[in-house]
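Raw contents of coords37.txt, compact mmCIF, C-alpha atoms:
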# COMPACT_ATOMS: atom_id res chain seq x y z
CA MET O 1 -61.28 -108.67 -158.45
CA ALA O 2 -63.69 -111.22 -159.76
CA LEU O 3 -66.58 -112.03 -157.43
CA ASP O 4 -66.43 -115.23 -155.41
CA LYS O 5 -69.43 -117.57 -155.14
CA ASN O 6 -70.79 -115.88 -152.05
CA GLN O 7 -70.49 -112.44 -153.65
CA ILE O 8 -72.35 -113.65 -156.75
CA ALA O 9 -75.13 -114.87 -154.42
CA GLN O 10 -75.08 -111.54 -152.59
CA VAL O 11 -75.54 -109.61 -155.85
CA ILE O 12 -78.46 -111.83 -156.89
CA ALA O 13 -80.10 -111.36 -153.49
CA ARG O 14 -80.59 -107.65 -154.35
CA GLU O 15 -83.27 -108.78 -156.82
CA LEU O 16 -85.46 -110.17 -154.04
CA LYS O 17 -88.52 -108.23 -152.99
CA ASP O 18 -90.73 -108.62 -149.96
CA GLY O 19 -93.29 -111.38 -150.40
CA TYR O 20 -91.49 -113.06 -153.29
CA TYR O 21 -91.82 -116.81 -153.81
CA VAL O 22 -88.34 -117.92 -154.81
CA ASN O 23 -86.88 -121.13 -156.28
CA LEU O 24 -83.15 -121.56 -155.81
CA GLY O 25 -81.23 -124.23 -157.73
CA ILE O 26 -78.33 -126.32 -156.49
CA GLY O 27 -74.88 -124.71 -156.03
CA ILE O 28 -74.33 -120.93 -155.97
CA PRO O 29 -78.12 -120.27 -156.14
CA THR O 30 -78.60 -122.00 -152.77
CA LEU O 31 -76.25 -119.42 -151.22
CA VAL O 32 -78.65 -116.60 -152.18
CA ALA O 33 -80.77 -117.56 -149.15
CA ASN O 34 -77.91 -116.40 -146.90
CA TYR O 35 -78.10 -112.82 -148.26
CA VAL O 36 -81.80 -111.95 -148.15
CA PRO O 37 -81.79 -108.20 -147.40
CA GLU O 38 -82.90 -106.94 -143.99
CA GLY O 39 -86.64 -106.35 -143.68
CA ILE O 40 -87.50 -108.52 -146.67
CA HIS O 41 -89.39 -111.75 -146.22
CA VAL O 42 -89.25 -114.28 -149.05
CA ILE O 43 -90.69 -117.79 -149.20
CA LEU O 44 -88.48 -120.52 -150.61
CA HIS O 45 -90.02 -123.09 -152.96
CA SER O 46 -88.50 -126.54 -153.25
CA GLU O 47 -89.92 -128.35 -156.27
CA ASN O 48 -90.19 -131.74 -154.59
CA GLY O 49 -93.17 -130.27 -152.72
CA LEU O 50 -92.43 -127.60 -150.12
CA LEU O 51 -93.14 -123.89 -149.80
CA GLY O 52 -91.50 -122.23 -146.81
CA MET O 53 -88.24 -124.15 -146.73
CA GLY O 54 -86.05 -123.43 -143.69
CA GLN O 55 -82.44 -124.03 -142.69
CA PHE O 56 -80.75 -127.41 -142.53
CA PRO O 57 -81.83 -129.33 -139.42
CA THR O 58 -79.87 -130.19 -136.28
CA GLU O 59 -79.22 -133.80 -135.33
CA GLU O 60 -82.28 -133.58 -133.08
CA THR O 61 -84.68 -132.21 -135.72
CA VAL O 62 -83.54 -134.21 -138.76
CA ASP O 63 -86.42 -136.03 -140.51
CA ALA O 64 -86.02 -138.42 -143.47
CA ASP O 65 -89.47 -137.33 -144.71
CA LEU O 66 -88.34 -133.72 -145.07
CA ILE O 67 -85.84 -133.03 -147.85
CA ASN O 68 -85.21 -130.40 -150.53
CA ALA O 69 -84.93 -130.78 -154.30
CA GLY O 70 -81.23 -131.60 -153.91
CA LYS O 71 -82.25 -134.47 -151.57
CA GLN O 72 -80.65 -132.75 -148.57
CA THR O 73 -82.40 -132.82 -145.21
CA VAL O 74 -84.08 -129.48 -144.43
CA THR O 75 -86.61 -127.87 -142.06
CA TYR O 76 -89.73 -125.82 -142.72
CA MET O 77 -90.72 -122.33 -141.57
CA PRO O 78 -93.92 -121.21 -139.83
CA GLY O 79 -96.55 -120.86 -142.57
CA ALA O 80 -95.02 -123.62 -144.72
CA SER O 81 -97.03 -126.03 -146.85
CA PHE O 82 -96.44 -129.43 -148.41
CA PHE O 83 -97.95 -130.73 -151.66
CA ASP O 84 -97.48 -133.29 -154.42
CA SER O 85 -95.17 -132.88 -157.43
CA ALA O 86 -97.96 -132.04 -159.90
CA THR O 87 -99.10 -129.16 -157.68
CA SER O 88 -95.50 -128.07 -157.19
CA PHE O 89 -94.89 -127.81 -160.93
CA ALA O 90 -98.27 -126.10 -161.39
CA MET O 91 -96.77 -123.35 -159.23
CA ILE O 92 -93.81 -123.14 -161.59
CA ARG O 93 -95.62 -123.64 -164.90
CA GLY O 94 -98.48 -121.38 -163.89
CA GLY O 95 -96.09 -118.48 -163.26
CA HIS O 96 -96.76 -118.29 -159.52
CA VAL O 97 -93.08 -118.44 -158.53
CA ASP O 98 -91.67 -114.89 -158.74
CA ILE O 99 -88.00 -115.60 -159.30
CA THR O 100 -85.87 -118.61 -160.21
CA VAL O 101 -82.11 -118.69 -159.76
CA LEU O 102 -80.09 -121.47 -161.33
CA GLY O 103 -76.63 -122.35 -162.54
CA ALA O 104 -75.56 -122.99 -166.15
CA PHE O 105 -72.76 -124.51 -168.20
CA GLU O 106 -73.46 -122.06 -171.05
CA VAL O 107 -75.85 -119.24 -171.91
CA SER O 108 -76.34 -117.84 -175.42
CA GLU O 109 -76.94 -114.21 -176.35
CA LYS O 110 -80.54 -115.20 -177.21
CA GLY O 111 -81.13 -116.41 -173.66
CA ASP O 112 -80.78 -120.13 -174.44
CA ILE O 113 -79.36 -122.15 -171.55
CA ALA O 114 -77.42 -125.42 -171.37
CA SER O 115 -77.17 -126.83 -167.87
CA TRP O 116 -78.01 -130.54 -167.71
CA LYS O 117 -75.93 -132.73 -169.96
CA VAL O 118 -72.37 -132.94 -171.23
CA PRO O 119 -71.86 -135.36 -174.15
CA GLY O 120 -69.38 -138.06 -173.27
CA LYS O 121 -70.16 -137.76 -169.57
CA LEU O 122 -72.80 -139.97 -168.00
CA ILE O 123 -76.38 -138.90 -168.23
CA LYS O 124 -78.03 -137.99 -164.95
CA GLY O 125 -81.21 -136.35 -166.14
CA MET O 126 -82.73 -132.89 -166.19
CA GLY O 127 -84.82 -133.13 -163.02
CA GLY O 128 -86.94 -129.99 -162.78
CA ALA O 129 -84.55 -127.69 -164.67
CA MET O 130 -86.40 -127.77 -168.01
CA ASP O 131 -89.74 -127.04 -166.36
CA LEU O 132 -88.23 -124.15 -164.42
CA VAL O 133 -86.52 -122.45 -167.37
CA ALA O 134 -89.51 -122.90 -169.68
CA SER O 135 -92.02 -121.33 -167.33
CA ALA O 136 -90.49 -119.10 -164.66
CA LYS O 137 -91.34 -115.41 -165.03
CA ASN O 138 -87.91 -114.20 -164.07
CA ILE O 139 -84.84 -116.39 -164.50
CA ILE O 140 -81.47 -115.31 -163.17
CA VAL O 141 -78.42 -117.40 -163.95
CA ALA O 142 -75.51 -117.55 -161.51
CA MET O 143 -72.36 -118.73 -163.27
CA GLN O 144 -68.66 -118.35 -163.90
CA HIS O 145 -67.97 -116.18 -166.94
CA THR O 146 -65.36 -118.59 -168.34
CA ASN O 147 -64.46 -122.26 -167.88
CA LYS O 148 -61.27 -123.55 -166.31
CA GLU O 149 -59.46 -123.22 -169.64
CA GLY O 150 -60.48 -119.55 -169.79
CA GLN O 151 -63.00 -120.08 -172.60
CA SER O 152 -66.17 -118.01 -172.55
CA LYS O 153 -69.40 -119.59 -171.32
CA LEU O 154 -71.44 -116.64 -172.63
CA LEU O 155 -71.76 -117.54 -176.27
CA LYS O 156 -73.42 -116.64 -179.57
CA GLU O 157 -74.86 -120.19 -179.61
CA CYS O 158 -74.71 -122.84 -176.91
CA THR O 159 -72.60 -125.85 -177.86
CA LEU O 160 -73.99 -128.25 -175.22
CA PRO O 161 -77.49 -129.84 -175.23
CA LEU O 162 -80.05 -127.19 -174.29
CA THR O 163 -82.18 -127.03 -171.17
CA GLY O 164 -84.40 -124.30 -172.63
CA VAL O 165 -84.54 -121.67 -175.35
CA ASN O 166 -84.87 -117.90 -175.16
CA CYS O 167 -85.59 -117.87 -171.43
CA VAL O 168 -82.71 -116.36 -169.41
CA LYS O 169 -83.38 -112.75 -168.41
CA LYS O 170 -80.35 -111.85 -166.32
CA ILE O 171 -76.89 -113.26 -165.62
CA VAL O 172 -74.67 -112.60 -162.64
CA SER O 173 -71.18 -113.95 -163.29
CA ASP O 174 -67.95 -113.55 -161.38
CA LEU O 175 -67.13 -110.63 -163.72
CA ALA O 176 -70.39 -108.82 -164.45
CA VAL O 177 -74.13 -108.34 -164.22
CA MET O 178 -75.79 -108.59 -167.63
CA GLU O 179 -79.29 -108.47 -169.02
CA VAL O 180 -80.23 -110.65 -171.98
CA THR O 181 -81.81 -108.45 -174.66
CA ASP O 182 -82.95 -108.97 -178.26
CA LYS O 183 -79.54 -107.71 -179.39
CA GLY O 184 -77.33 -109.66 -176.98
CA PHE O 185 -75.82 -109.44 -173.50
CA LYS O 186 -76.27 -105.89 -172.18
CA LEU O 187 -73.61 -105.05 -169.64
CA LEU O 188 -75.16 -103.47 -166.53
CA GLU O 189 -72.46 -103.62 -163.87
CA ARG O 190 -68.92 -104.91 -163.56
CA ALA O 191 -67.17 -106.59 -160.65
CA PRO O 192 -64.96 -104.24 -158.60
CA GLY O 193 -61.67 -103.67 -160.40
CA VAL O 194 -62.71 -105.61 -163.51
CA SER O 195 -62.47 -103.50 -166.68
CA ILE O 196 -64.87 -103.43 -169.60
CA GLU O 197 -62.00 -104.77 -171.72
CA ASP O 198 -61.67 -107.77 -169.37
CA ILE O 199 -65.36 -108.52 -169.73
CA LYS O 200 -65.27 -108.09 -173.51
CA ALA O 201 -62.37 -110.51 -173.73
CA ALA O 202 -64.26 -113.10 -171.66
CA THR O 203 -67.52 -112.85 -173.62
CA GLU O 204 -67.84 -114.65 -176.96
CA GLY O 205 -71.44 -113.55 -177.53
CA THR O 206 -72.45 -110.01 -178.48
CA LEU O 207 -71.79 -107.63 -175.59
CA ILE O 208 -73.68 -104.34 -175.57
CA ILE O 209 -72.01 -101.48 -173.76
CA GLU O 210 -73.99 -98.28 -173.39
CA GLY O 211 -72.84 -95.33 -171.31
CA ASP O 212 -70.96 -95.69 -168.06
CA ILE O 213 -70.87 -99.15 -166.58
CA PRO O 214 -70.71 -98.83 -162.79
CA GLU O 215 -68.85 -101.17 -160.49
CA ILE O 216 -70.93 -103.51 -158.36
CA ILE O 217 -71.25 -102.18 -154.82
CA LEU O 218 -71.16 -105.07 -152.34
CA MET S 1 -115.26 -154.13 -149.52
CA ASN S 2 -111.95 -155.47 -148.33
CA LYS S 3 -108.84 -153.67 -149.51
CA VAL S 4 -106.72 -154.64 -146.53
CA LEU S 5 -103.94 -157.17 -146.95
CA ASN S 6 -101.46 -158.47 -144.41
CA ASN S 7 -98.18 -157.66 -146.08
CA ALA S 8 -96.25 -156.89 -149.26
CA TYR S 9 -96.16 -160.57 -150.23
CA GLU S 10 -99.96 -160.59 -150.57
CA ALA S 11 -100.08 -157.10 -152.10
CA ILE S 12 -97.88 -157.84 -155.14
CA LYS S 13 -100.04 -160.76 -156.35
CA GLY S 14 -100.71 -160.28 -160.05
CA ILE S 15 -97.58 -158.31 -160.92
CA GLU S 16 -96.05 -160.19 -163.85
CA ASP S 17 -93.13 -160.01 -166.26
CA ASN S 18 -93.09 -157.03 -168.65
CA MET S 19 -95.73 -155.03 -166.79
CA THR S 20 -95.57 -151.28 -166.28
CA VAL S 21 -95.30 -150.32 -162.61
CA MET S 22 -95.17 -146.86 -161.03
CA PHE S 23 -93.23 -146.35 -157.80
CA GLY S 24 -93.81 -143.26 -155.65
CA GLY S 25 -91.03 -141.31 -153.99
CA PHE S 26 -88.47 -138.59 -154.68
CA GLY S 27 -84.93 -139.80 -154.15
CA LEU S 28 -85.32 -142.19 -151.23
CA CYS S 29 -88.01 -140.03 -149.60
CA GLY S 30 -91.47 -141.60 -149.55
CA ILE S 31 -90.56 -144.78 -151.46
CA PRO S 32 -92.59 -147.99 -150.92
CA GLU S 33 -89.77 -149.87 -149.19
CA ASN S 34 -91.71 -153.03 -148.32
CA THR S 35 -93.12 -153.62 -151.78
CA ILE S 36 -89.82 -152.96 -153.55
CA MET S 37 -88.07 -155.39 -151.19
CA GLU S 38 -90.75 -158.03 -151.81
CA LEU S 39 -90.51 -157.63 -155.60
CA SER S 40 -86.73 -158.06 -155.34
CA LYS S 41 -87.33 -161.55 -153.87
CA THR S 42 -89.33 -162.65 -156.91
CA ASN S 43 -88.29 -163.68 -160.42
CA ILE S 44 -90.47 -161.01 -162.02
CA LYS S 45 -88.49 -159.50 -164.92
CA GLY S 46 -88.78 -157.03 -167.77
CA LEU S 47 -90.51 -154.35 -165.71
CA ILE S 48 -91.09 -150.90 -167.15
CA CYS S 49 -90.71 -148.70 -164.08
CA ILE S 50 -92.05 -145.17 -163.86
CA SER S 51 -90.37 -143.40 -160.98
CA ASN S 52 -88.77 -139.98 -160.64
CA ASN S 53 -85.48 -141.62 -159.61
CA CYS S 54 -84.06 -145.13 -159.52
CA GLY S 55 -82.91 -145.46 -155.92
CA VAL S 56 -79.25 -145.89 -155.00
CA ASP S 57 -77.02 -148.93 -155.51
CA ASP S 58 -78.04 -150.65 -152.30
CA PHE S 59 -81.51 -149.29 -151.55
CA GLY S 60 -84.90 -148.66 -153.13
CA LEU S 61 -85.27 -149.47 -156.82
CA GLY S 62 -81.52 -150.20 -156.80
CA PHE S 63 -82.51 -153.67 -155.52
CA LEU S 64 -84.55 -154.36 -158.68
CA LEU S 65 -81.79 -152.97 -160.89
CA ARG S 66 -79.19 -155.19 -159.25
CA ASN S 67 -81.37 -158.25 -160.01
CA LYS S 68 -81.87 -157.02 -163.60
CA GLN S 69 -85.64 -157.01 -163.13
CA ILE S 70 -86.03 -153.63 -164.84
CA LYS S 71 -86.16 -153.37 -168.64
CA LYS S 72 -86.87 -149.67 -168.87
CA MET S 73 -86.94 -146.64 -166.57
CA ILE S 74 -89.07 -143.57 -167.15
CA SER S 75 -87.61 -140.91 -164.85
CA SER S 76 -86.41 -137.32 -164.57
CA TYR S 77 -83.14 -137.88 -162.71
CA VAL S 78 -81.09 -141.07 -162.46
CA GLY S 79 -77.77 -139.94 -161.01
CA GLU S 80 -76.48 -141.39 -157.73
CA ASN S 81 -76.52 -144.97 -159.02
CA ALA S 82 -73.42 -146.69 -160.45
CA GLU S 83 -75.22 -149.92 -161.40
CA PHE S 84 -77.75 -147.89 -163.38
CA GLU S 85 -74.95 -146.26 -165.36
CA ARG S 86 -73.28 -149.62 -165.99
CA GLN S 87 -76.47 -151.25 -167.32
CA LEU S 88 -77.28 -148.22 -169.43
CA LEU S 89 -73.82 -148.19 -171.05
CA ASN S 90 -74.02 -151.95 -171.70
CA GLY S 91 -77.40 -151.58 -173.39
CA GLU S 92 -79.05 -153.79 -170.75
CA LEU S 93 -81.39 -151.00 -169.69
CA GLU S 94 -83.49 -148.46 -171.58
CA VAL S 95 -84.15 -145.04 -170.13
CA GLU S 96 -86.59 -142.30 -171.06
CA LEU S 97 -85.80 -139.00 -169.36
CA LEU S 98 -88.52 -136.41 -168.95
CA PRO S 99 -88.68 -133.00 -167.26
CA GLN S 100 -89.83 -133.57 -163.69
CA GLY S 101 -92.94 -131.40 -163.93
CA SER S 102 -93.95 -132.97 -167.24
CA LEU S 103 -93.48 -136.43 -165.71
CA ALA S 104 -95.67 -135.47 -162.74
CA GLU S 105 -98.36 -134.02 -164.98
CA LYS S 106 -98.30 -137.01 -167.38
CA ILE S 107 -99.05 -139.23 -164.38
CA ARG S 108 -101.73 -136.90 -163.04
CA ALA S 109 -103.32 -136.73 -166.50
CA GLY S 110 -103.25 -140.52 -166.75
CA GLY S 111 -105.17 -140.80 -163.51
CA ALA S 112 -107.54 -137.99 -164.43
CA GLY S 113 -108.51 -139.35 -167.86
CA ILE S 114 -106.77 -136.66 -169.90
CA PRO S 115 -104.97 -138.39 -172.80
CA ALA S 116 -102.48 -135.60 -173.61
CA PHE S 117 -101.73 -131.94 -172.91
CA TYR S 118 -99.33 -129.15 -173.92
CA VAL S 119 -96.47 -127.82 -171.80
CA PRO S 120 -93.56 -125.50 -172.64
CA ALA S 121 -90.91 -127.58 -170.83
CA GLY S 122 -88.43 -129.21 -173.19
CA TYR S 123 -89.38 -127.25 -176.32
CA GLY S 124 -86.26 -126.64 -178.41
CA THR S 125 -84.33 -129.36 -176.53
CA GLU S 126 -83.79 -133.06 -177.23
CA VAL S 127 -86.89 -133.81 -175.12
CA GLY S 128 -88.94 -132.29 -177.94
CA ILE S 129 -87.62 -134.58 -180.66
CA GLY S 130 -90.49 -136.45 -182.29
CA LYS S 131 -93.15 -134.65 -180.27
CA GLU S 132 -95.88 -132.47 -181.74
CA SER S 133 -95.46 -128.78 -180.96
CA ARG S 134 -97.87 -125.90 -181.09
CA GLU S 135 -97.89 -122.19 -180.26
CA PHE S 136 -100.19 -120.84 -177.56
CA ASN S 137 -100.13 -117.19 -176.46
CA GLY S 138 -96.96 -116.58 -178.46
CA LYS S 139 -95.02 -119.39 -176.81
CA MET S 140 -94.15 -122.85 -178.13
CA HIS S 141 -95.37 -125.95 -176.32
CA LEU S 142 -94.87 -129.73 -176.63
CA LEU S 143 -97.65 -132.29 -176.68
CA GLU S 144 -97.09 -134.74 -173.83
CA HIS S 145 -99.11 -137.95 -173.55
CA ALA S 146 -100.53 -139.27 -170.28
CA LEU S 147 -98.94 -142.16 -168.41
CA THR S 148 -100.81 -145.00 -166.72
CA ALA S 149 -99.56 -148.28 -165.27
CA ASP S 150 -100.69 -151.86 -164.65
CA TYR S 151 -99.80 -151.31 -161.01
CA ALA S 152 -98.95 -148.21 -159.02
CA VAL S 153 -97.14 -148.66 -155.73
CA VAL S 154 -97.28 -145.79 -153.27
CA LYS S 155 -96.18 -145.14 -149.70
CA ALA S 156 -98.16 -143.06 -147.19
CA TRP S 157 -97.75 -142.07 -143.55
CA LYS S 158 -101.28 -142.99 -142.50
CA GLY S 159 -104.04 -144.85 -144.25
CA ASP S 160 -107.43 -146.30 -143.39
CA THR S 161 -109.24 -149.47 -144.36
CA HIS S 162 -111.06 -147.60 -147.18
CA GLY S 163 -107.71 -146.69 -148.75
CA ASN S 164 -107.72 -143.01 -147.78
CA LEU S 165 -104.12 -141.78 -147.49
CA ILE S 166 -102.20 -139.01 -145.73
CA TYR S 167 -98.55 -138.29 -146.52
CA LYS S 168 -95.96 -136.74 -144.25
CA HIS S 169 -94.01 -133.61 -145.21
CA THR S 170 -92.19 -133.96 -148.56
CA ALA S 171 -92.84 -137.73 -148.72
CA ASN S 172 -96.00 -136.93 -150.73
CA ASN S 173 -94.11 -136.03 -153.94
CA PHE S 174 -95.14 -138.47 -156.73
CA ASN S 175 -97.24 -140.76 -154.52
CA ASN S 176 -100.46 -138.76 -154.73
CA MET S 177 -100.61 -138.73 -158.55
CA MET S 178 -99.36 -142.28 -158.98
CA ALA S 179 -102.15 -143.56 -156.74
CA MET S 180 -104.55 -142.14 -159.34
CA ALA S 181 -102.78 -143.61 -162.35
CA GLY S 182 -102.51 -147.31 -161.53
CA LYS S 183 -105.08 -149.79 -162.86
CA ILE S 184 -104.41 -151.41 -159.51
CA THR S 185 -102.89 -149.22 -156.81
CA ILE S 186 -101.07 -150.76 -153.87
CA ALA S 187 -100.60 -148.47 -150.87
CA GLU S 188 -98.22 -149.33 -148.07
CA VAL S 189 -98.60 -147.20 -144.95
CA GLU S 190 -96.74 -146.73 -141.69
CA GLU S 191 -99.99 -146.77 -139.73
CA LEU S 192 -103.25 -148.40 -140.86
CA VAL S 193 -106.39 -147.39 -138.96
CA PRO S 194 -110.10 -148.30 -139.22
CA ALA S 195 -112.21 -146.16 -141.56
CA GLY S 196 -113.50 -143.13 -139.66
CA GLU S 197 -110.37 -142.46 -137.65
CA LEU S 198 -108.68 -140.13 -140.13
CA ASP S 199 -110.07 -136.60 -140.41
CA PRO S 200 -111.82 -136.46 -143.84
CA ASN S 201 -110.66 -132.82 -144.14
CA CYS S 202 -107.04 -133.94 -144.13
CA ILE S 203 -107.06 -136.79 -146.67
CA HIS S 204 -104.55 -136.30 -149.52
CA THR S 205 -105.51 -139.34 -151.63
CA PRO S 206 -109.18 -140.38 -151.49
CA GLY S 207 -109.68 -144.14 -151.12
CA ILE S 208 -111.34 -144.52 -154.54
CA PHE S 209 -107.85 -144.55 -156.08
CA VAL S 210 -106.52 -147.34 -153.85
CA GLN S 211 -107.36 -151.03 -154.39
CA ARG S 212 -104.95 -152.66 -151.92
CA ILE S 213 -103.55 -151.41 -148.64
CA PHE S 214 -101.31 -152.85 -145.95
CA GLN S 215 -99.34 -151.68 -142.95
CA GLY S 216 -95.64 -151.92 -143.73
CA VAL S 217 -92.92 -153.02 -141.34
CA ASN S 218 -89.33 -152.08 -140.48
CA TYR S 219 -89.18 -148.76 -142.34
CA GLU S 220 -85.54 -147.81 -142.71
CA LYS S 221 -86.23 -144.39 -144.29
CA ARG S 222 -82.67 -144.04 -145.43
CA ILE S 223 -81.39 -140.48 -145.88
CA GLU S 224 -79.53 -139.87 -149.13
CA LYS S 225 -77.82 -136.60 -148.23
CA LEU S 226 -77.78 -135.91 -144.52
CA THR S 227 -77.12 -132.16 -144.23
CA LEU S 228 -77.04 -130.47 -140.83
CA SER S 229 -76.81 -126.78 -139.96
CA LYS S 230 -73.38 -125.71 -138.78
Rewrite the coordinates I just gave you, this time as structure tokens.
Amino acid sequence: MALDKNQIAQVIARELKDGYYVNLGIGIPTLVANYVPEGIHVILHSENGLLGMGQFPTEETVDADLINAGKQTVTYMPGASFFDSATSFAMIRGGHVDITVLGAFEVSEKGDIASWKVPGKLIKGMGGAMDLVASAKNIIVAMQHTNKEGQSKLLKECTLPLTGVNCVKKIVSDLAVMEVTDKGFKLLERAPGVSIEDIKAATEGTLIIEGDIPEIIL
Amino acid sequence: MNKVLNNAYEAIKGIEDNMTVMFGGFGLCGIPENTIMELSKTNIKGLICISNNCGVDDFGLGFLLRNKQIKKMISSYVGENAEFERQLLNGELEVELLPQGSLAEKIRAGGAGIPAFYVPAGYGTEVGIGKESREFNGKMHLLEHALTADYAVVKAWKGDTHGNLIYKHTANNFNNMMAMAGKITIAEVEELVPAGELDPNCIHTPGIFVQRIFQGVNYEKRIEKLTLSK
């Protein structure tokens, strides 16, 4: 069985360590906050200028001056801080954020990522995605292994306009957990019931298989 | 020294066709509502606007777009706005998209007197086309030039008669740097108090960066994506 979105988030949450400052992108990455392991305290960074982001507010606590990078209303946790956008991106560019999780349209076997623009569709802009991928110490991509037509999104070369080059370290897809190495996508774990052959068939880029590949334990 | 004006009508004096104007805010959070509204009542045209976003169809910078007062936008994200897309496709509007952190730093550098700097964001992407690149510590970087503006328009929570400003929560965003980068900076605030009433330890933007200040009225503070916990 391929992992659903929540299970992908759950697998990524295993990477979190106590005291980590974490930036979560829009979509599946946001769900990672729901699976922070017991006993681990992480601080969420929102690049519009907030460290210590909390849950969504109630109708009573909603505040138009308090939003996240996706422009949704949020709350803040005890110990939170607010700051301007230059300071916020100094945290990212300066390598102070421990882990960044984001989505992607495509990832190449060299760790290039395409996530912001599809030719022919209207341009929205890259927001903070290029800054994040260029500077974060540890970038994990949460994505579907293939598109709706069944074509691989893990490629030798990205076909869409790039967000960054040679930057993705790890990918958690609905089918597998992979590390990006100098030689290609190294298969680390597979989704329960998904065979190595299934993953091979869904991966256009070079897939490295060494030894036994365990199933993901959820 | 008198920086205090009565309203947005007085504050925008001197803004002319084809000027470059910065507008603070992220999405609709922390935008200078009064000044944008006042500009939308004028015939000022051909503006080059530097702002992270371009409002929505019926609020914020969307008002200036609708009136075709904007010639060019320098932004990081311009989704959420159908009129923007229409003008862009028709060639009525130019847009320069920049990574959000590079945009913020270009503005900060402009205010701080740093003409250009290197960042890794955008290297190897279309953002890097035509820009100088250089390797530092084994990693490639792009040369980004500073941004300044004829006018910068910012919005703060509290301000005093010396132009000192305090922002609320995430409404700081681009306002703090833009205040530094305007040749003339206009600050609109929710509450204007006499100098001495704000705690000097808590000032975000020191008054030296602000030339004009007024207390705004009727803040709508529209929420773009109201999201409540279940």
For chain S against chain O, with a cut-off of 6 Å and counting all atoms listed in the file, what is the closest atom pair and its distance in Å to one decimal for every residue that makes the cut, ordered by chain and number, as CSV?
residue,atom,partner,partner_atom,distance
S:Cys29,CA,O:Asp65,CA,5.8
S:Ser76,CA,O:Gly127,CA,4.7
S:Tyr77,CA,O:Gly125,CA,4.2
S:Val78,CA,O:Lys124,CA,5.0
S:Gly79,CA,O:Lys124,CA,4.4
S:Pro99,CA,O:Gly128,CA,5.7
S:Gln100,CA,O:Gly128,CA,4.7
S:Gly101,CA,O:Phe89,CA,5.1
S:Ala104,CA,O:Ala86,CA,5.0
S:Glu105,CA,O:Ala86,CA,5.5
S:Pro120,CA,O:Ala134,CA,5.7
S:Ala121,CA,O:Asp131,CA,4.7
S:Gly122,CA,O:Met130,CA,5.7
S:Thr125,CA,O:Leu162,CA,5.3
S:His169,CA,O:Leu66,CA,5.7
S:Thr170,CA,O:Leu66,CA,5.2
S:Ala171,CA,O:Asp65,CA,5.3
S:Asn172,CA,O:Asp84,CA,5.4
S:Asn173,CA,O:Asp84,CA,4.4
S:Phe174,CA,O:Ser85,CA,5.6
S:Ile223,CA,O:Ala64,CA,5.6
S:Lys225,CA,O:Gln72,CA,4.8
S:Leu226,CA,O:Thr73,CA,5.6
S:Thr227,CA,O:Thr73,CA,5.4
S:Leu228,CA,O:Phe56,CA,5.1
S:Ser229,CA,O:Phe56,CA,4.7
Counting all atoms listed in the file, the residue of O:His45, O:Arg190, O:His145, O:Lys137 that sits nearest Ala104 of chain O: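 Checking each of O:His45, O:Arg190, O:His145, O:Lys137 against Ala104 of chain O, counting all atoms listed in the file, the winner is O:His145.
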Gap from atom CA of Arg212 of chain S to atom CA of Ile15 of chain S - Å, one decimal: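 Going from atom CA of Arg212 of chain S over to atom CA of Ile15 of chain S covers 12.9 Å.
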Residue nearest Met1 of chain O among O:Glu197, O:Glu106, O:Glu204, O:Glu215 (counting all atoms listed in the file):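 Answer, going by the shortest atom-to-atom distance: O:Glu215.
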Between atom CA of Val153 of chain S and atom CA of Leu47 of chain S, distance in Å (one decimal): 13.3 Å
